[in-house]
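Text of the file run-v3.txt, holding compact mmCIF, C-alpha atoms:
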```
# COMPACT_ATOMS: atom_id res chain seq x y z
CA MET A 1 -20.12 3.06 0.73
CA THR A 2 -19.99 -0.41 2.25
CA GLU A 3 -21.29 -1.93 -0.97
CA ASN A 4 -18.17 -0.64 -2.76
CA ALA A 5 -15.71 -2.19 -0.27
CA LEU A 6 -12.72 -4.04 -1.65
CA PHE A 7 -13.85 -7.27 0.07
CA ARG A 8 -16.95 -8.77 1.60
CA ARG A 9 -16.54 -11.21 4.46
CA GLU A 10 -18.59 -14.41 4.63
CA GLY A 11 -17.49 -16.41 7.67
CA ASP A 12 -13.76 -17.06 7.25
CA VAL A 13 -13.79 -16.29 3.52
CA TYR A 14 -13.14 -12.90 1.90
CA LEU A 15 -14.81 -12.23 -1.45
CA PRO A 16 -13.15 -9.51 -3.57
CA GLY A 17 -15.27 -6.93 -5.33
CA GLU A 18 -14.70 -5.07 -8.58
CA ASN A 19 -12.92 -2.21 -6.78
CA ALA A 20 -10.13 -4.58 -5.71
CA GLY A 21 -9.16 -5.45 -9.29
CA GLY A 22 -5.83 -4.84 -10.97
CA PRO A 23 -5.04 -2.93 -14.17
CA TRP A 24 -3.84 -5.76 -16.42
CA SER A 25 -6.36 -8.58 -16.09
CA PRO A 26 -9.90 -8.98 -14.74
CA ASP A 27 -8.77 -12.27 -13.23
CA PHE A 28 -6.30 -10.78 -10.73
CA LEU A 29 -6.36 -8.19 -7.94
CA HIS A 30 -4.29 -5.05 -7.51
CA GLY A 31 -1.45 -5.53 -5.00
CA GLY A 32 -2.94 -2.89 -2.71
CA ALA A 33 -6.09 -4.95 -2.16
CA PRO A 34 -4.42 -7.99 -0.54
CA ALA A 35 -2.11 -5.64 1.37
CA GLY A 36 -5.09 -3.83 2.85
CA LEU A 37 -6.85 -7.10 3.63
CA LEU A 38 -3.83 -8.60 5.40
CA ALA A 39 -3.32 -5.42 7.44
CA THR A 40 -7.01 -5.46 8.41
CA VAL A 41 -6.93 -9.07 9.59
CA LEU A 42 -3.69 -8.62 11.54
CA GLU A 43 -4.60 -5.37 13.29
CA PRO A 44 -6.94 -6.58 16.10
CA ALA A 45 -4.33 -8.96 17.55
CA GLY A 46 -1.42 -6.66 16.76
CA THR A 47 -2.68 -3.59 18.58
CA GLU A 48 -3.73 -5.38 21.79
CA GLY A 49 -2.31 -3.61 24.84
CA GLY A 50 -1.83 -0.31 23.01
CA LEU A 51 0.90 -1.41 20.62
CA ARG A 52 1.27 0.42 17.30
CA LEU A 53 2.06 -0.81 13.79
CA ALA A 54 5.71 0.04 13.05
CA ARG A 55 6.46 -2.18 10.05
CA PHE A 56 4.24 -4.00 7.58
CA THR A 57 5.80 -6.16 4.87
CA VAL A 58 4.03 -8.06 2.11
CA ASP A 59 5.62 -10.54 -0.29
CA LEU A 60 3.54 -10.76 -3.47
CA LEU A 61 4.30 -14.41 -4.17
CA ARG A 62 1.77 -15.01 -6.96
CA PRO A 63 -0.95 -13.06 -8.75
CA VAL A 64 -3.87 -12.86 -6.33
CA PRO A 65 -6.96 -14.16 -8.13
CA ALA A 66 -10.35 -12.48 -8.08
CA ALA A 67 -11.68 -15.45 -6.14
CA PRO A 68 -12.57 -16.43 -2.55
CA LEU A 69 -9.61 -15.89 -0.21
CA THR A 70 -8.73 -17.01 3.31
CA VAL A 71 -6.17 -15.69 5.79
CA GLU A 72 -4.21 -17.66 8.39
CA VAL A 73 -2.52 -15.70 11.21
CA GLN A 74 0.44 -16.83 13.32
CA ARG A 75 1.97 -15.13 16.37
CA VAL A 76 5.73 -15.24 15.83
CA ARG A 77 6.71 -13.16 18.88
CA ASP A 78 4.28 -11.93 21.52
CA GLY A 79 5.83 -9.69 24.15
CA ARG A 80 4.75 -6.72 26.20
CA ARG A 81 6.86 -4.28 24.17
CA LEU A 82 7.11 -6.04 20.82
CA ARG A 83 4.70 -8.23 18.85
CA LEU A 84 5.43 -9.88 15.50
CA LEU A 85 2.62 -11.48 13.52
CA GLN A 86 2.59 -13.33 10.23
CA ALA A 87 -0.35 -13.90 7.88
CA ASP A 88 -0.74 -16.09 4.81
CA LEU A 89 -3.30 -15.17 2.18
CA LYS A 90 -4.57 -18.28 0.40
CA ALA A 91 -6.59 -18.95 -2.72
CA ASP A 92 -7.88 -22.53 -3.05
CA GLY A 93 -5.38 -23.59 -0.38
CA VAL A 94 -2.35 -22.04 -2.14
CA ILE A 95 -0.41 -19.18 -0.52
CA VAL A 96 -0.50 -16.18 -2.85
CA SER A 97 0.78 -13.45 -0.49
CA ARG A 98 2.49 -13.44 2.90
CA ALA A 99 2.66 -10.55 5.33
CA SER A 100 4.54 -9.83 8.52
CA ALA A 101 3.60 -7.02 10.87
CA LEU A 102 5.69 -5.60 13.70
CA TYR A 103 3.91 -3.77 16.52
CA LEU A 104 5.79 -1.75 19.14
CA GLU A 105 5.07 -0.28 22.54
CA GLN A 106 4.59 3.47 22.66
CA VAL A 107 6.62 5.31 25.32
CA PRO A 108 6.13 9.07 25.90
CA LEU A 109 9.53 10.70 25.51
CA GLU A 110 11.05 14.14 25.06
CA VAL A 111 13.19 13.95 21.90
CA PRO A 112 15.89 16.57 21.22
CA PRO A 113 15.42 18.57 18.00
CA ALA A 114 18.41 16.97 16.22
CA ALA A 115 16.89 13.49 16.62
CA ARG A 116 13.42 14.34 15.36
CA PHE A 117 12.08 13.49 11.92
CA PRO A 118 12.40 16.47 9.57
CA ALA A 119 9.37 18.53 8.69
CA GLY A 120 7.67 17.60 5.44
CA ASP A 121 7.95 19.64 2.28
CA LEU A 122 5.18 18.12 0.14
CA PRO A 123 3.10 20.96 -1.34
CA PRO A 124 -0.46 21.37 -0.03
CA ARG A 125 -3.21 19.37 -1.70
CA GLY A 126 -4.99 21.08 -4.57
CA ASP A 127 -8.53 20.56 -5.85
CA ASP A 128 -7.97 18.57 -9.07
CA GLU A 129 -9.08 15.19 -7.71
CA ALA A 130 -9.09 12.15 -10.02
CA SER A 131 -8.40 8.44 -9.96
CA LEU A 132 -4.74 7.45 -10.09
CA SER A 133 -5.31 5.94 -13.54
CA GLU A 134 -6.79 9.20 -14.80
CA ALA A 135 -4.04 11.33 -13.25
CA ALA A 136 -1.27 9.13 -14.66
CA GLY A 137 -2.95 9.10 -18.07
CA ARG A 138 -3.09 12.90 -18.17
CA ALA A 139 0.56 13.19 -17.13
CA ARG A 140 1.63 10.75 -19.86
CA GLY A 141 -0.75 11.97 -22.57
CA GLN A 142 -2.53 8.60 -22.59
CA ALA A 143 -6.02 7.29 -21.94
CA PRO A 144 -6.73 5.83 -18.47
CA LEU A 145 -6.35 2.08 -18.14
CA PRO A 146 -9.67 0.55 -19.22
CA LEU A 147 -10.21 -2.20 -16.64
CA PRO A 148 -12.01 -1.24 -13.40
CA GLY A 149 -10.17 -1.79 -10.14
CA LEU A 150 -8.26 -0.22 -7.28
CA HIS A 151 -6.32 2.04 -9.66
CA HIS A 152 -9.68 3.71 -10.45
CA THR A 153 -11.05 3.50 -6.89
CA VAL A 154 -8.19 5.35 -5.18
CA ARG A 155 -8.52 9.12 -5.43
CA VAL A 156 -5.47 11.32 -5.97
CA VAL A 157 -4.52 14.94 -6.39
CA ARG A 158 -1.35 15.03 -8.47
CA VAL A 159 1.43 17.41 -7.41
CA ASP A 160 3.90 16.52 -10.18
CA GLY A 161 5.50 13.59 -11.98
CA VAL A 162 3.53 10.33 -12.30
CA ASP A 163 4.58 10.39 -15.94
CA GLY A 164 6.73 7.25 -16.22
CA SER A 165 9.97 9.10 -15.41
CA GLY A 166 10.47 7.33 -12.07
CA ARG A 167 9.29 10.22 -9.92
CA GLY A 168 5.88 11.28 -8.70
CA ARG A 169 4.22 13.23 -5.90
CA VAL A 170 0.54 12.97 -5.03
CA TRP A 171 -2.00 13.24 -2.26
CA MET A 172 -4.22 10.18 -2.14
CA ARG A 173 -7.00 8.46 -0.24
CA LEU A 174 -9.02 5.25 -0.33
CA PRO A 175 -12.70 6.33 -0.29
CA VAL A 176 -14.16 2.87 0.45
CA PRO A 177 -13.63 0.32 3.25
CA VAL A 178 -11.19 -2.52 2.77
CA VAL A 179 -13.70 -4.98 4.25
CA ALA A 180 -17.42 -4.21 4.14
CA GLY A 181 -18.79 -3.19 7.53
CA GLU A 182 -15.34 -2.84 9.16
CA ALA A 183 -13.74 0.50 9.96
CA CYS A 184 -10.50 1.24 8.14
CA SER A 185 -7.94 2.55 10.66
CA PRO A 186 -5.29 5.11 9.61
CA SER A 187 -2.60 2.39 9.64
CA VAL A 188 -4.68 0.03 7.48
CA HIS A 189 -5.38 2.96 5.15
CA ALA A 190 -1.63 3.49 4.78
CA ALA A 191 -1.05 -0.23 4.20
CA ALA A 192 -3.67 -0.37 1.45
CA LEU A 193 -2.12 2.63 -0.33
CA ALA A 194 1.53 1.59 0.11
CA ASP A 195 1.58 -0.56 -3.04
CA PHE A 196 0.95 2.57 -5.10
CA GLY A 197 4.53 3.77 -4.57
CA ASN A 198 5.50 1.90 -7.71
CA GLY A 199 2.55 3.35 -9.59
CA VAL A 200 3.18 6.93 -8.53
CA GLY A 201 6.93 6.56 -9.14
CA GLN A 202 6.59 4.20 -12.12
CA LEU A 203 9.79 4.02 -14.17
CA GLN A 204 9.28 3.25 -17.84
CA VAL A 205 12.86 2.68 -18.93
CA ASN A 206 11.89 2.47 -22.61
CA PRO A 207 8.58 2.55 -24.54
CA GLY A 208 7.99 -1.18 -24.03
CA THR A 209 9.43 -1.75 -20.57
CA GLY A 210 8.13 -0.76 -17.16
CA CYS A 211 8.58 -2.07 -13.63
CA ILE A 212 6.54 -4.36 -11.40
CA ASN A 213 7.11 -4.56 -7.65
CA THR A 214 7.50 -7.90 -5.94
CA ASP A 215 6.98 -6.72 -2.36
CA ILE A 216 5.92 -3.86 -0.11
CA SER A 217 7.65 -2.74 3.09
CA LEU A 218 5.90 0.04 4.96
CA TYR A 219 7.54 1.68 8.00
CA LEU A 220 5.42 4.01 10.13
CA HIS A 221 7.09 6.09 12.85
CA ARG A 222 3.68 7.38 14.00
CA GLU A 223 0.05 6.77 13.11
CA PRO A 224 -1.18 8.93 10.21
CA ARG A 225 -3.77 11.63 10.82
CA GLY A 226 -6.50 12.84 8.49
CA GLY A 227 -8.16 11.26 5.48
CA TRP A 228 -5.50 12.06 2.87
CA LEU A 229 -1.93 10.74 2.64
CA GLY A 230 0.84 12.35 0.63
CA MET A 231 3.33 10.22 -1.29
CA ASP A 232 6.70 11.25 -2.75
CA ALA A 233 7.97 8.28 -4.79
CA LEU A 234 11.35 7.84 -6.47
CA ALA A 235 12.33 4.81 -8.59
CA ARG A 236 15.77 3.75 -9.80
CA MET A 237 16.98 0.67 -11.71
CA GLN A 238 20.26 -1.14 -12.35
CA PRO A 239 21.27 -2.46 -15.81
CA ASN A 240 20.46 -5.95 -14.50
CA GLY A 241 16.74 -5.10 -14.53
CA ASN A 242 16.45 -4.92 -10.72
CA GLY A 243 15.41 -1.72 -9.02
CA LEU A 244 14.01 -0.03 -5.95
CA VAL A 245 11.18 2.41 -5.30
CA GLU A 246 11.60 4.59 -2.22
CA SER A 247 8.57 6.60 -1.11
CA THR A 248 8.08 9.03 1.75
CA LEU A 249 4.58 9.04 3.23
CA TYR A 250 3.03 12.23 4.63
CA ASP A 251 -0.12 13.35 6.36
CA ARG A 252 -1.34 16.90 6.97
CA ASP A 253 1.21 17.36 9.76
CA GLY A 254 4.33 16.07 7.99
CA PRO A 255 6.14 12.78 7.31
CA VAL A 256 4.76 9.62 8.89
CA GLY A 257 6.83 6.84 7.31
CA ARG A 258 8.63 5.26 4.38
CA ILE A 259 7.80 2.63 1.77
CA LEU A 260 10.36 0.40 0.04
CA GLN A 261 9.57 -1.83 -2.94
CA ALA A 262 11.88 -4.12 -4.91
CA THR A 263 11.16 -3.90 -8.64
CA LEU A 264 11.73 -6.00 -11.72
CA ALA A 265 11.81 -4.78 -15.32
CA MET A 266 8.94 -6.27 -17.32
CA PRO A 267 7.04 -5.58 -20.54
CA VAL A 268 4.59 -2.79 -19.87
CA TYR A 269 1.49 -4.99 -20.00
CA ALA A 270 2.89 -7.99 -18.11
CA THR A 271 1.27 -9.20 -14.89
CA LYS A 272 3.01 -10.16 -11.65
CA ASP A 273 4.02 -13.80 -11.54
```
Would you mind giving the structure from this file in structure tokens?
Amino acid sequence: MTENALFRREGDVYLPGENAGGPWSPDFLHGGAPAGLLATVLEPAGTEGGLRLARFTVDLLRPVPAAPLTVEVQRVRDGRRLRLLQADLKADGVIVSRASALYLEQVPLEVPPAARFPAGDLPPRGDDEASLSEAAGRARGQAPLPLPGLHHTVRVVRVDGVDGSGRGRVWMRLPVPVVAGEACSPSVHAAALADFGNGVGQLQVNPGTGCINTDISLYLHREPRGGWLGMDALARMQPNGNGLVESTLYDRDGPVGRILQATLAMPVYATKD
């Protein structure tokens, strides 16, 4: 399915495809698309020497246009046990998103039971697979969002929620590569899906007001396993219009990490700016 990849690489330029689009405008990409691209570009340098992605943070500075994009990578800290990289995503020379990625050494260790991460309790994945837009539409009694894009590309099996109440649980996967011809590692897969915490746990505080997220912070305490990831998302908001989405990420063997997203109350059909 290389032809359906989110991006196609031509030299140092990345060209977004239709599957990378966002739900509100054909001119801008879904936040998960630049997140996946930045994680892909950072990974080769980050994992040198056997290091593992532990934290991946993206600031969504401006709407990312459906236009040619470039990425500039900087090594902030490069040690044997810890490596910190930064990447700027640019459109026509303007920074539209910025990512930082922290990679850590892996040390085999016997951990006492009290210090281990708790076992997961996300119900097993069912068979009712759909796009996230379709699943959310069914849960809310609405039609799916009409524009093509990543919200239609990503496949989900809904457990419950995803109905605008600020809570949702799903199993999900990205069925296409982030970059055509390049393998999508489990960590990059998680990075590309992390932006959906705010979609799965979308909080519609009144009929005309929803929430957009301004960033993504993904923490992985181990590399995910298997092709599907589970997400348990919970959103809350203060009366000042600022909120937070907290999501736990699972694979078939239990929890693998957490996602945090700062949110801002906006009219339901507003775009990120």
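Atom pair atom CA of Arg80 of chain A / atom CA of Arg98 of chain A has a distance of 24.4 Å (rounded to one decimal).
The smallest atom-to-atom distance between Val41 of chain A and any of A:Ala91, A:Met172, A:Val188, A:Leu104, using all atoms listed in the file, is found for A:Val188.
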Which is closest to Ser97 of chain A among A:Arg62, A:Arg169, A:Arg75, A:Arg116, if we use all atoms listed in the file?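 The answer is A:Arg62, which sits nearest to Ser97 of chain A.
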Taking (-12.2, -3.9, -7.8) in the file's coordinates, which residues come within 9 Å, counting all atoms listed in the file, written as a list in words?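 The requested residues, written out, are Asn4, Ala5, Leu6, Phe7, Pro16, Gly17, Glu18, Asn19, Ala20, Gly21, Gly22, Pro26, Leu29, His30, Ala33, Ala66, Pro148, Gly149, Leu150, His151, His152 and Thr153 of chain A.
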Test item: which residues lie within 7 Å of (11.9, -1.7, -12.8) counting all atoms listed in the file, as a compact mmCIF listing (two decimals) with C-alpha atoms, in the coordinates of the input:
```txt
# COMPACT_ATOMS: atom_id res chain seq x y z
CA LEU A 203 9.79 4.02 -14.17
CA GLY A 210 8.13 -0.76 -17.16
CA CYS A 211 8.58 -2.07 -13.63
CA ILE A 212 6.54 -4.36 -11.40
CA MET A 237 16.98 0.67 -11.71
CA GLY A 241 16.74 -5.10 -14.53
CA ASN A 242 16.45 -4.92 -10.72
CA GLY A 243 15.41 -1.72 -9.02
CA THR A 263 11.16 -3.90 -8.64
CA LEU A 264 11.73 -6.00 -11.72
CA ALA A 265 11.81 -4.78 -15.32
```
Which of these, A:Ala191, A:Val245, A:Leu85, A:Leu15, has the shortest distance to Pro224 of chain A once you count all atoms listed in the file?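 Result for the nearest residue to Pro224 of chain A: A:Ala191.
Between Pro44 of chain A and the candidates A:Ala135, A:Val159, A:Leu89, A:Cys184, the tightest atom-to-atom separation, counting all atoms listed in the file, involves A:Cys184.
Minimum distance to Glu72 of chain A across A:Asp27, A:Asp12, A:Asp92, A:Glu110 (counting all atoms listed in the file) occurs at A:Asp12.
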Atom CA of Glu43 of chain A to atom CA of Arg222 of chain A, distance in Å rounded to a single decimal: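 Going from atom CA of Glu43 of chain A over to atom CA of Arg222 of chain A, I get 15.2 Å.
Nearest-residue note for Gln142 of chain A: choosing from A:Asp253, A:Glu246, A:Glu129, A:Asp163, the minimum distance belongs to A:Asp163, counting all atoms listed in the file.
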Would you mind listing what lies within 12 Å of Arg138 of chain A as a PDB file with C-alpha atoms, in the coordinates of the input, with only C-alpha atoms counted and same-chain residues fewer than 3 positions away left out?
```pdb
ATOM      1  CA  ASP A 128      -7.970  18.570  -9.070  1.00  0.00           C
ATOM      2  CA  ALA A 130      -9.090  12.150 -10.020  1.00  0.00           C
ATOM      3  CA  SER A 131      -8.400   8.440  -9.960  1.00  0.00           C
ATOM      4  CA  LEU A 132      -4.740   7.450 -10.090  1.00  0.00           C
ATOM      5  CA  SER A 133      -5.310   5.940 -13.540  1.00  0.00           C
ATOM      6  CA  GLU A 134      -6.790   9.200 -14.800  1.00  0.00           C
ATOM      7  CA  ALA A 135      -4.040  11.330 -13.250  1.00  0.00           C
ATOM      8  CA  GLY A 141      -0.750  11.970 -22.570  1.00  0.00           C
ATOM      9  CA  GLN A 142      -2.530   8.600 -22.590  1.00  0.00           C
ATOM     10  CA  ALA A 143      -6.020   7.290 -21.940  1.00  0.00           C
ATOM     11  CA  PRO A 144      -6.730   5.830 -18.470  1.00  0.00           C
ATOM     12  CA  LEU A 145      -6.350   2.080 -18.140  1.00  0.00           C
ATOM     13  CA  ARG A 158      -1.350  15.030  -8.470  1.00  0.00           C
ATOM     14  CA  ASP A 160       3.900  16.520 -10.180  1.00  0.00           C
ATOM     15  CA  GLY A 161       5.500  13.590 -11.980  1.00  0.00           C
ATOM     16  CA  VAL A 162       3.530  10.330 -12.300  1.00  0.00           C
ATOM     17  CA  ASP A 163       4.580  10.390 -15.940  1.00  0.00           C
ATOM     18  CA  GLY A 164       6.730   7.250 -16.220  1.00  0.00           C
TER      19      GLY A 164
END
```
Which value, in Å to one decimal, gives the distance between atom CA of Pro124 of chain A and atom CA of Gly32 of chain A? 24.5 Å
May I have the residues within 9 Å of Asp195 of chain A as a ChimeraX atom specification, using only C-alpha atoms and disregarding those fewer than 5 positions away in the same chain? /A:30-33,35,213,215-217,259,261
What's around Arg252 of chain A at 9 Å? Count all atoms listed in the file, leave out sequence neighbours fewer than 3 positions away in its own chain, and write the answer as an MDAnalysis selection string. chainID A and resid 124 224:230 255
Compile the contact shell of Arg8 of chain A as a list in words: residues with an atom at most 6 Å away, counting only C-alpha atoms, same-chain residues fewer than 2 positions apart removed.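 Counting only the stated atoms, we get Tyr14, Leu15, Val179 and Ala180 of chain A.
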Put the listed atoms of segment 225-230 of chain A in a box along x, y and z with 6 Å added on every side and give me the centre and edge lengths in Å to one decimal, as lines of an AutoDock Vina configuration file.
```
center_x = -3.7
center_y = 11.8
center_z = 5.7
size_x = 21.0
size_y = 14.1
size_z = 22.2
```
Please provide as an MDAnalysis selection string all residues within 8 Å of Glu223 of chain A, with the sequence filter that same-chain residues fewer than 4 positions apart are discarded (counting all atoms listed in the file). chainID A and resid 52:53 186:187 256
